[in-house]
$ cat target-v5.pdb   # PDB, C-alpha atoms (C1' of nucleotides)
ATOM      1  CA  MET X   1      -5.363 -10.031  22.830
ATOM      2  CA  CYS X   2      -5.287  -7.978  20.108
ATOM      3  CA  GLY X   3      -8.722  -7.324  18.962
ATOM      4  CA  VAL X   4      -8.309  -5.193  16.044
ATOM      5  CA  SER X   5     -11.831  -5.847  15.024
ATOM      6  CA  VAL X   6     -12.728  -2.364  13.977
ATOM      7  CA  GLY X   7     -16.139  -3.320  14.927
ATOM      8  CA  ARG X   8     -17.681  -4.304  11.668
ATOM      9  CA  GLY X   9     -19.560  -7.354  12.827
ATOM     10  CA  SER X  10     -22.609  -6.454  10.871
ATOM     11  CA  SER X  11     -23.125  -2.836  11.313
ATOM     12  CA  GLU X  12     -21.118  -1.347   8.491
ATOM     13  CA  ASP X  13     -20.753  -2.381   4.877
ATOM     14  CA  VAL X  14     -17.171  -3.517   5.220
ATOM     15  CA  PRO X  15     -15.656  -5.779   2.550
ATOM     16  CA  PRO X  16     -14.233  -9.139   3.751
ATOM     17  CA  TYR X  17     -10.561  -8.515   2.998
ATOM     18  CA  VAL X  18     -10.480  -5.534   5.357
ATOM     19  CA  ASP X  19     -10.498  -7.666   8.473
ATOM     20  CA  GLY X  20      -7.578  -9.782   7.282
ATOM     21  CA  VAL X  21      -5.456  -6.778   6.362
ATOM     22  CA  LEU X  22      -6.128  -4.953   9.612
ATOM     23  CA  GLU X  23      -5.266  -8.095  11.515
ATOM     24  CA  ILE X  24      -1.829  -8.374   9.911
ATOM     25  CA  VAL X  25      -0.985  -4.696  10.237
ATOM     26  CA  ASP X  26      -1.975  -4.748  13.878
ATOM     27  CA  ARG X  27       0.475  -7.607  14.412
ATOM     28  CA  ILE X  28       3.508  -5.765  13.085
ATOM     29  CA  PRO X  29       5.940  -5.398  16.039
ATOM     30  CA  MET X  30       7.392  -2.049  16.938
ATOM     31  CA  GLY X  31      10.503  -1.114  14.994
ATOM     32  CA  LYS X  32       9.469  -3.320  12.103
ATOM     33  CA  VAL X  33       7.528  -2.587   8.948
ATOM     34  CA  LEU X  34       5.812  -4.282   6.032
ATOM     35  CA  SER X  35       5.290  -3.165   2.478
ATOM     36  CA  TYR X  36       1.791  -2.974   0.999
ATOM     37  CA  GLY X  37       2.612  -5.912  -1.251
ATOM     38  CA  ASP X  38       3.817  -7.938   1.735
ATOM     39  CA  VAL X  39       0.635  -7.326   3.686
ATOM     40  CA  ALA X  40      -1.422  -8.297   0.651
ATOM     41  CA  GLU X  41       0.608 -11.447   0.270
ATOM     42  CA  LEU X  42       0.195 -12.378   3.926
ATOM     43  CA  ALA X  43      -3.485 -11.622   3.635
ATOM     44  CA  GLY X  44      -3.544 -14.080   0.761
ATOM     45  CA  HIS X  45      -5.696 -12.094  -1.628
ATOM     46  CA  GLY X  46      -5.966  -8.901  -3.579
ATOM     47  CA  GLY X  47      -2.874  -6.790  -4.092
ATOM     48  CA  ALA X  48      -0.967  -3.797  -2.811
ATOM     49  CA  ARG X  49      -3.632  -1.412  -4.100
ATOM     50  CA  LEU X  50      -6.193  -3.219  -2.001
ATOM     51  CA  VAL X  51      -4.150  -2.811   1.171
ATOM     52  CA  GLY X  52      -3.722   0.860   0.318
ATOM     53  CA  ARG X  53      -7.467   1.282   0.129
ATOM     54  CA  VAL X  54      -8.002  -0.473   3.470
ATOM     55  CA  MET X  55      -5.406   1.736   5.169
ATOM     56  CA  ALA X  56      -6.866   4.840   3.658
ATOM     57  CA  ILE X  57     -10.307   4.131   5.056
ATOM     58  CA  TRP X  58     -10.111   1.818   8.053
ATOM     59  CA  GLY X  59      -6.343   2.175   8.672
ATOM     60  CA  GLY X  60      -7.025   4.539  11.546
ATOM     61  CA  ALA X  61      -7.546   1.520  13.814
ATOM     62  CA  VAL X  62      -4.096   0.027  13.183
ATOM     63  CA  PRO X  63      -0.452   1.220  13.151
ATOM     64  CA  TRP X  64      -0.660   2.216   9.481
ATOM     65  CA  TRP X  65       2.709   3.980   9.674
ATOM     66  CA  ARG X  66       4.343   0.530   9.904
ATOM     67  CA  VAL X  67       3.088  -0.166   6.403
ATOM     68  CA  VAL X  68       5.345   1.480   3.852
ATOM     69  CA  ARG X  69       6.013   1.276   0.131
ATOM     70  CA  ALA X  70       8.346  -1.361  -1.306
ATOM     71  CA  ASP X  71      11.088   1.248  -1.694
ATOM     72  CA  GLY X  72      10.906   1.991   2.031
ATOM     73  CA  ARG X  73       9.195   5.321   1.589
ATOM     74  CA  PRO X  74       6.119   5.995   3.810
ATOM     75  CA  ALA X  75       2.615   6.298   2.460
ATOM     76  CA  THR X  76       1.950   9.080  -0.014
ATOM     77  CA  GLY X  77       0.438  12.103   1.680
ATOM     78  CA  HIS X  78       1.459  10.970   5.160
ATOM     79  CA  GLU X  79       5.230  10.894   4.937
ATOM     80  CA  GLN X  80       5.840  13.382   7.735
ATOM     81  CA  GLU X  81       3.316  11.753   9.993
ATOM     82  CA  ALA X  82       4.607   8.227   9.332
ATOM     83  CA  LEU X  83       8.265   9.198   9.676
ATOM     84  CA  LYS X  84       7.569  10.738  13.035
ATOM     85  CA  ARG X  85       5.908   7.575  14.266
ATOM     86  CA  LEU X  86       8.618   5.334  12.798
ATOM     87  CA  ARG X  87      11.225   7.301  14.683
ATOM     88  CA  SER X  88       9.225   6.843  17.868
ATOM     89  CA  ASP X  89       9.048   3.118  17.186
ATOM     90  CA  GLY X  90      12.793   2.984  16.704
ATOM     91  CA  ALA X  91      12.598   1.810  13.113
ATOM     92  CA  PRO X  92      15.876   1.878  11.143
ATOM     93  CA  LEU X  93      15.372   5.056   9.189
ATOM     94  CA  ARG X  94      17.818   6.180   6.574
ATOM     95  CA  ALA X  95      17.198   9.776   5.572
ATOM     96  CA  ASP X  96      13.443   9.808   4.908
ATOM     97  CA  ARG X  97      13.337   6.139   4.041
ATOM     98  CA  VAL X  98      13.054   2.928   6.043
ATOM     99  CA  ASP X  99      15.780   0.344   5.745
ATOM    100  CA  MET X 100      13.565  -2.486   4.481
ATOM    101  CA  ARG X 101      16.552  -4.812   4.543
ATOM    102  CA  ALA X 102      16.465  -4.695   8.358
ATOM    103  CA  ALA X 103      13.024  -3.340   9.213
ATOM    104  CA  ARG X 104      11.035  -5.779   7.092
ATOM    105  CA  TRP X 105       9.009  -7.950   9.473
ATOM    106  CA  ASP X 106       9.237 -11.699   8.932
ATOM    107  CA  GLY X 107       5.518 -12.150   9.354
ATOM    108  CA  ARG X 108       5.435 -15.157  11.698
ATOM    109  CA  ARG X 109       4.909 -15.347  15.438
ATOM    110  CA  SER X 110       3.226 -12.524  17.267
TER     111      SER X 110
ATOM    112  C1'  DA G   1     -20.525  -2.787 -19.276
ATOM    113  C1'  DT G   2     -16.492   0.728 -19.976
ATOM    114  C1'  DA G   3     -13.480   4.357 -18.114
ATOM    115  C1'  DA G   4     -11.209   6.502 -14.411
ATOM    116  C1'  DT G   5      -9.057   6.447  -9.790
ATOM    117  C1'  DG G   6      -6.051   5.147  -5.847
ATOM    118  C1'  DA G   7      -1.988   5.510   1.401
ATOM    119  C1'  DC G   8       1.118   0.226  -4.914
ATOM    120  C1'  DG G   9       4.975  -2.560  -7.596
ATOM    121  C1'  DT G  10       8.306  -3.434 -11.056
ATOM    122  C1'  DC G  11      11.031  -2.100 -15.173
ATOM    123  C1'  DG G  12      13.464   0.990 -18.337
ATOM    124  C1'  DG G  13      15.732   5.433 -19.342
TER     125       DG G  13
ATOM    126  C1'  DT I   1      18.717   8.828  -7.573
ATOM    127  C1'  DC I   2      14.844  10.753 -10.051
ATOM    128  C1'  DC I   3      11.047  10.220 -13.583
ATOM    129  C1'  DG I   4       7.793   8.027 -16.640
ATOM    130  C1'  DA I   5       5.207   4.046 -18.359
ATOM    131  C1'  DC I   6       2.659  -0.253 -17.715
ATOM    132  C1'  DG I   7       0.431  -3.765 -14.815
ATOM    133  C1'  DC I   8      -2.593  -5.249 -10.758
ATOM    134  C1'  DC I   9      -7.130  -5.229  -8.117
ATOM    135  C1'  DA I  10     -11.470  -3.447  -6.244
ATOM    136  C1'  DT I  11     -14.447   0.520  -6.034
ATOM    137  C1'  DT I  12     -16.872   4.335  -8.154
ATOM    138  C1'  DA I  13     -18.582   7.472 -11.896
TER     139       DA I  13
END
$ encode --input "target-v5.pdb" --output "structure tokens"
Amino acid sequence: MCGVSVGRGSSEDVPPYVDGVLEIVDRIPMGKVLSYGDVAELAGHGGARLVGRVMAIWGGAVPWWRVVRADGRPATGHEQEALKRLRSDGAPLRADRVDMRAARWDGRRS
DNA sequence: ATAATGACGTCGG
DNA sequence: TCCGACGCCATTA
């Protein structure tokens, strides 16, 4: 079940927090989203900027489009791409923004 | 060791 | 609603 595990193990020089972040993002259910700050908080360390870095590099292994900014706007530089995916997921989009009020994932259960 | 950068966040205008 | 400034945290120059 769910083995995000990008495959670090001991082959690549991957920082420790990466695994935790990828794990959470991979758990986000379809139609729901989390803000960078939320993911960082669930991860229990670092901050939003850290999550942003993880997504930018190793995010390709997880549904990165479900991670949006606190204002509900998709990641900078990938707005079109993310919006397209969010629509496919059935996320509550309002114009080009996600309705965080309803789309924000609680973060418990899988 | 200091400065600059980045898929961010919050506040003020 | 849009824009700018400051703060946060780890990496890189």
$ interface_residues --input "target-v5.pdb" --of "chain G" --to "chain X" --cutoff "10 Å" --atoms "all atoms listed in the file" --output "list in words"
DG6, DA7, DC8, DG9 and DT10 of chain G
$ atom_distance --input "target-v5.pdb" --atom1 "C1' of DA5 in chain I" --atom2 "C1' of DA3 in chain G"
18.7 Å
$ interface_residues --input "target-v5.pdb" --of "chain I" --to "chain X" --cutoff "8 Å" --atoms "all atoms listed in the file" --output "PDB file with C-alpha atoms (C1' of nucleotides), in the coordinates of the input"
ATOM      1  C1'  DC I   8      -2.593  -5.249 -10.758  1.00  0.00           C
ATOM      2  C1'  DC I   9      -7.130  -5.229  -8.117  1.00  0.00           C
ATOM      3  C1'  DA I  10     -11.470  -3.447  -6.244  1.00  0.00           C
TER       4       DA I  10
END
$ resolve_selection --input "target-v5.pdb" --expression "the PyMOL selection byres ((chain X and resi 33) around 7)" --output "list in words"
Ile28, Gly31, Lys32, Leu34, Ser35, Arg66, Val67, Val68, Ala103, Arg104 and Trp105 of chain X
$ residues_around --input "target-v5.pdb" --residues "Leu42 in chain X" --least-positions-apart "5" --cutoff "9 Å" --atoms "all atoms listed in the file" --output "list in words"
Gly20, Val21, Ile24, Gly37 and Gly107 of chain X
$ atom_distance --input "target-v5.pdb" --atom1 "CA of Ala91 in chain X" --atom2 "CA of Met30 in chain X"
7.5 Å
$ resolve_selection --input "target-v5.pdb" --expression "the PyMOL selection byres ((chain I and resi 3) around 12)" --output "list of chain:residue names"
G:DG12, G:DG13, I:DT1, I:DC2, I:DG4, I:DA5
$ atom_distance --input "target-v5.pdb" --atom1 "CA of Glu41 in chain X" --atom2 "CA of Ala95 in chain X"
27.5 Å
$ decode --input "target-v5.pdb" --residues "range 2-94 of chain X" --atoms "C-alpha atoms" --output "mmCIF file, in the first residue's frame"
data_model
loop_
_atom_site.group_PDB
_atom_site.id
_atom_site.type_symbol
_atom_site.label_atom_id
_atom_site.label_comp_id
_atom_site.auth_asym_id
_atom_site.auth_seq_id
_atom_site.Cartn_x
_atom_site.Cartn_y
_atom_site.Cartn_z
ATOM 1 C CA CYS X 2 1.190 3.062 -0.917
ATOM 2 C CA GLY X 3 4.850 2.907 -1.263
ATOM 3 C CA VAL X 4 5.814 6.296 -2.166
ATOM 4 C CA SER X 5 9.368 5.541 -1.345
ATOM 5 C CA VAL X 6 10.959 7.299 -4.245
ATOM 6 C CA GLY X 7 13.625 4.810 -3.853
ATOM 7 C CA ARG X 8 16.185 6.622 -1.822
ATOM 8 C CA GLY X 9 17.143 3.827 0.510
ATOM 9 C CA SER X 10 20.786 4.599 0.247
ATOM 10 C CA SER X 11 21.472 5.289 -3.303
ATOM 11 C CA GLU X 12 20.868 9.000 -3.573
ATOM 12 C CA ASP X 13 21.808 11.850 -1.280
ATOM 13 C CA VAL X 14 18.270 12.575 -0.188
ATOM 14 C CA PRO X 15 17.664 14.648 2.956
ATOM 15 C CA PRO X 16 15.544 13.011 5.710
ATOM 16 C CA TYR X 17 12.528 15.319 5.567
ATOM 17 C CA VAL X 18 11.865 14.393 1.940
ATOM 18 C CA ASP X 19 10.463 10.992 2.789
ATOM 19 C CA GLY X 20 8.016 12.414 5.322
ATOM 20 C CA VAL X 21 6.738 15.088 2.956
ATOM 21 C CA LEU X 22 6.303 12.703 0.047
ATOM 22 C CA GLU X 23 4.451 10.325 2.317
ATOM 23 C CA ILE X 24 1.882 12.946 3.314
ATOM 24 C CA VAL X 25 1.371 14.293 -0.190
ATOM 25 C CA ASP X 26 0.879 10.792 -1.509
ATOM 26 C CA ARG X 27 -1.876 10.303 1.067
ATOM 27 C CA ILE X 28 -3.956 13.274 -0.029
ATOM 28 C CA PRO X 29 -7.281 11.854 -1.335
ATOM 29 C CA MET X 30 -8.604 12.840 -4.713
ATOM 30 C CA GLY X 31 -10.616 16.047 -4.737
ATOM 31 C CA LYS X 32 -8.792 17.319 -1.680
ATOM 32 C CA VAL X 33 -5.725 19.489 -1.302
ATOM 33 C CA LEU X 34 -3.211 20.693 1.259
ATOM 34 C CA SER X 35 -1.253 23.896 1.488
ATOM 35 C CA TYR X 36 2.545 23.837 1.691
ATOM 36 C CA GLY X 37 2.344 25.042 5.279
ATOM 37 C CA ASP X 38 -0.121 22.272 6.134
ATOM 38 C CA VAL X 39 2.116 19.573 4.712
ATOM 39 C CA ALA X 40 5.065 20.997 6.627
ATOM 40 C CA GLU X 41 3.015 21.018 9.788
ATOM 41 C CA LEU X 42 1.895 17.423 9.306
ATOM 42 C CA ALA X 43 5.463 16.483 8.543
ATOM 43 C CA GLY X 44 6.359 18.037 11.873
ATOM 44 C CA HIS X 45 9.459 19.913 10.797
ATOM 45 C CA GLY X 46 10.792 22.583 8.524
ATOM 46 C CA GLY X 47 8.373 24.980 6.884
ATOM 47 C CA ALA X 48 6.448 25.695 3.719
ATOM 48 C CA ARG X 49 9.640 26.574 1.849
ATOM 49 C CA LEU X 50 10.995 23.146 2.652
ATOM 50 C CA VAL X 51 7.948 21.403 1.211
ATOM 51 C CA GLY X 52 8.269 23.584 -1.875
ATOM 52 C CA ARG X 53 11.822 22.413 -2.368
ATOM 53 C CA VAL X 54 10.848 18.749 -1.973
ATOM 54 C CA MET X 55 8.048 19.107 -4.530
ATOM 55 C CA ALA X 56 10.294 20.902 -6.934
ATOM 56 C CA ILE X 57 12.842 18.108 -6.937
ATOM 57 C CA TRP X 58 11.270 14.828 -5.866
ATOM 58 C CA GLY X 59 7.612 15.917 -6.254
ATOM 59 C CA GLY X 60 7.387 14.036 -9.529
ATOM 60 C CA ALA X 61 6.677 10.845 -7.568
ATOM 61 C CA VAL X 62 3.595 12.220 -5.795
ATOM 62 C CA PRO X 63 0.389 14.105 -6.730
ATOM 63 C CA TRP X 64 2.091 17.488 -6.332
ATOM 64 C CA TRP X 65 -0.888 19.273 -7.892
ATOM 65 C CA ARG X 66 -2.839 18.513 -4.693
ATOM 66 C CA VAL X 67 -0.420 20.746 -2.829
ATOM 67 C CA VAL X 68 -1.340 24.381 -3.331
ATOM 68 C CA ARG X 69 -0.549 27.732 -1.758
ATOM 69 C CA ALA X 70 -2.417 28.949 1.322
ATOM 70 C CA ASP X 71 -4.510 31.276 -0.842
ATOM 71 C CA GLY X 72 -5.691 28.303 -2.896
ATOM 72 C CA ARG X 73 -3.601 29.170 -5.910
ATOM 73 C CA PRO X 74 -1.558 26.306 -7.482
ATOM 74 C CA ALA X 75 2.207 26.174 -7.431
ATOM 75 C CA THR X 76 4.058 28.989 -9.149
ATOM 76 C CA GLY X 77 5.116 28.013 -12.646
ATOM 77 C CA HIS X 78 2.726 25.064 -12.811
ATOM 78 C CA GLU X 79 -0.657 26.716 -12.491
ATOM 79 C CA GLN X 80 -2.025 25.454 -15.796
ATOM 80 C CA GLU X 81 -0.747 21.969 -15.214
ATOM 81 C CA ALA X 82 -2.050 21.802 -11.635
ATOM 82 C CA LEU X 83 -5.437 23.295 -12.500
ATOM 83 C CA LYS X 84 -5.922 20.709 -15.184
ATOM 84 C CA ARG X 85 -5.203 17.898 -12.763
ATOM 85 C CA LEU X 86 -7.365 19.428 -10.023
ATOM 86 C CA ARG X 87 -10.271 19.548 -12.422
ATOM 87 C CA SER X 88 -9.704 15.893 -13.243
ATOM 88 C CA ASP X 89 -9.673 15.095 -9.537
ATOM 89 C CA GLY X 90 -12.940 16.936 -9.070
ATOM 90 C CA ALA X 91 -11.509 19.497 -6.680
ATOM 91 C CA PRO X 92 -13.755 22.488 -5.881
ATOM 92 C CA LEU X 93 -12.209 25.063 -8.150
ATOM 93 C CA ARG X 94 -13.333 28.643 -8.135
#
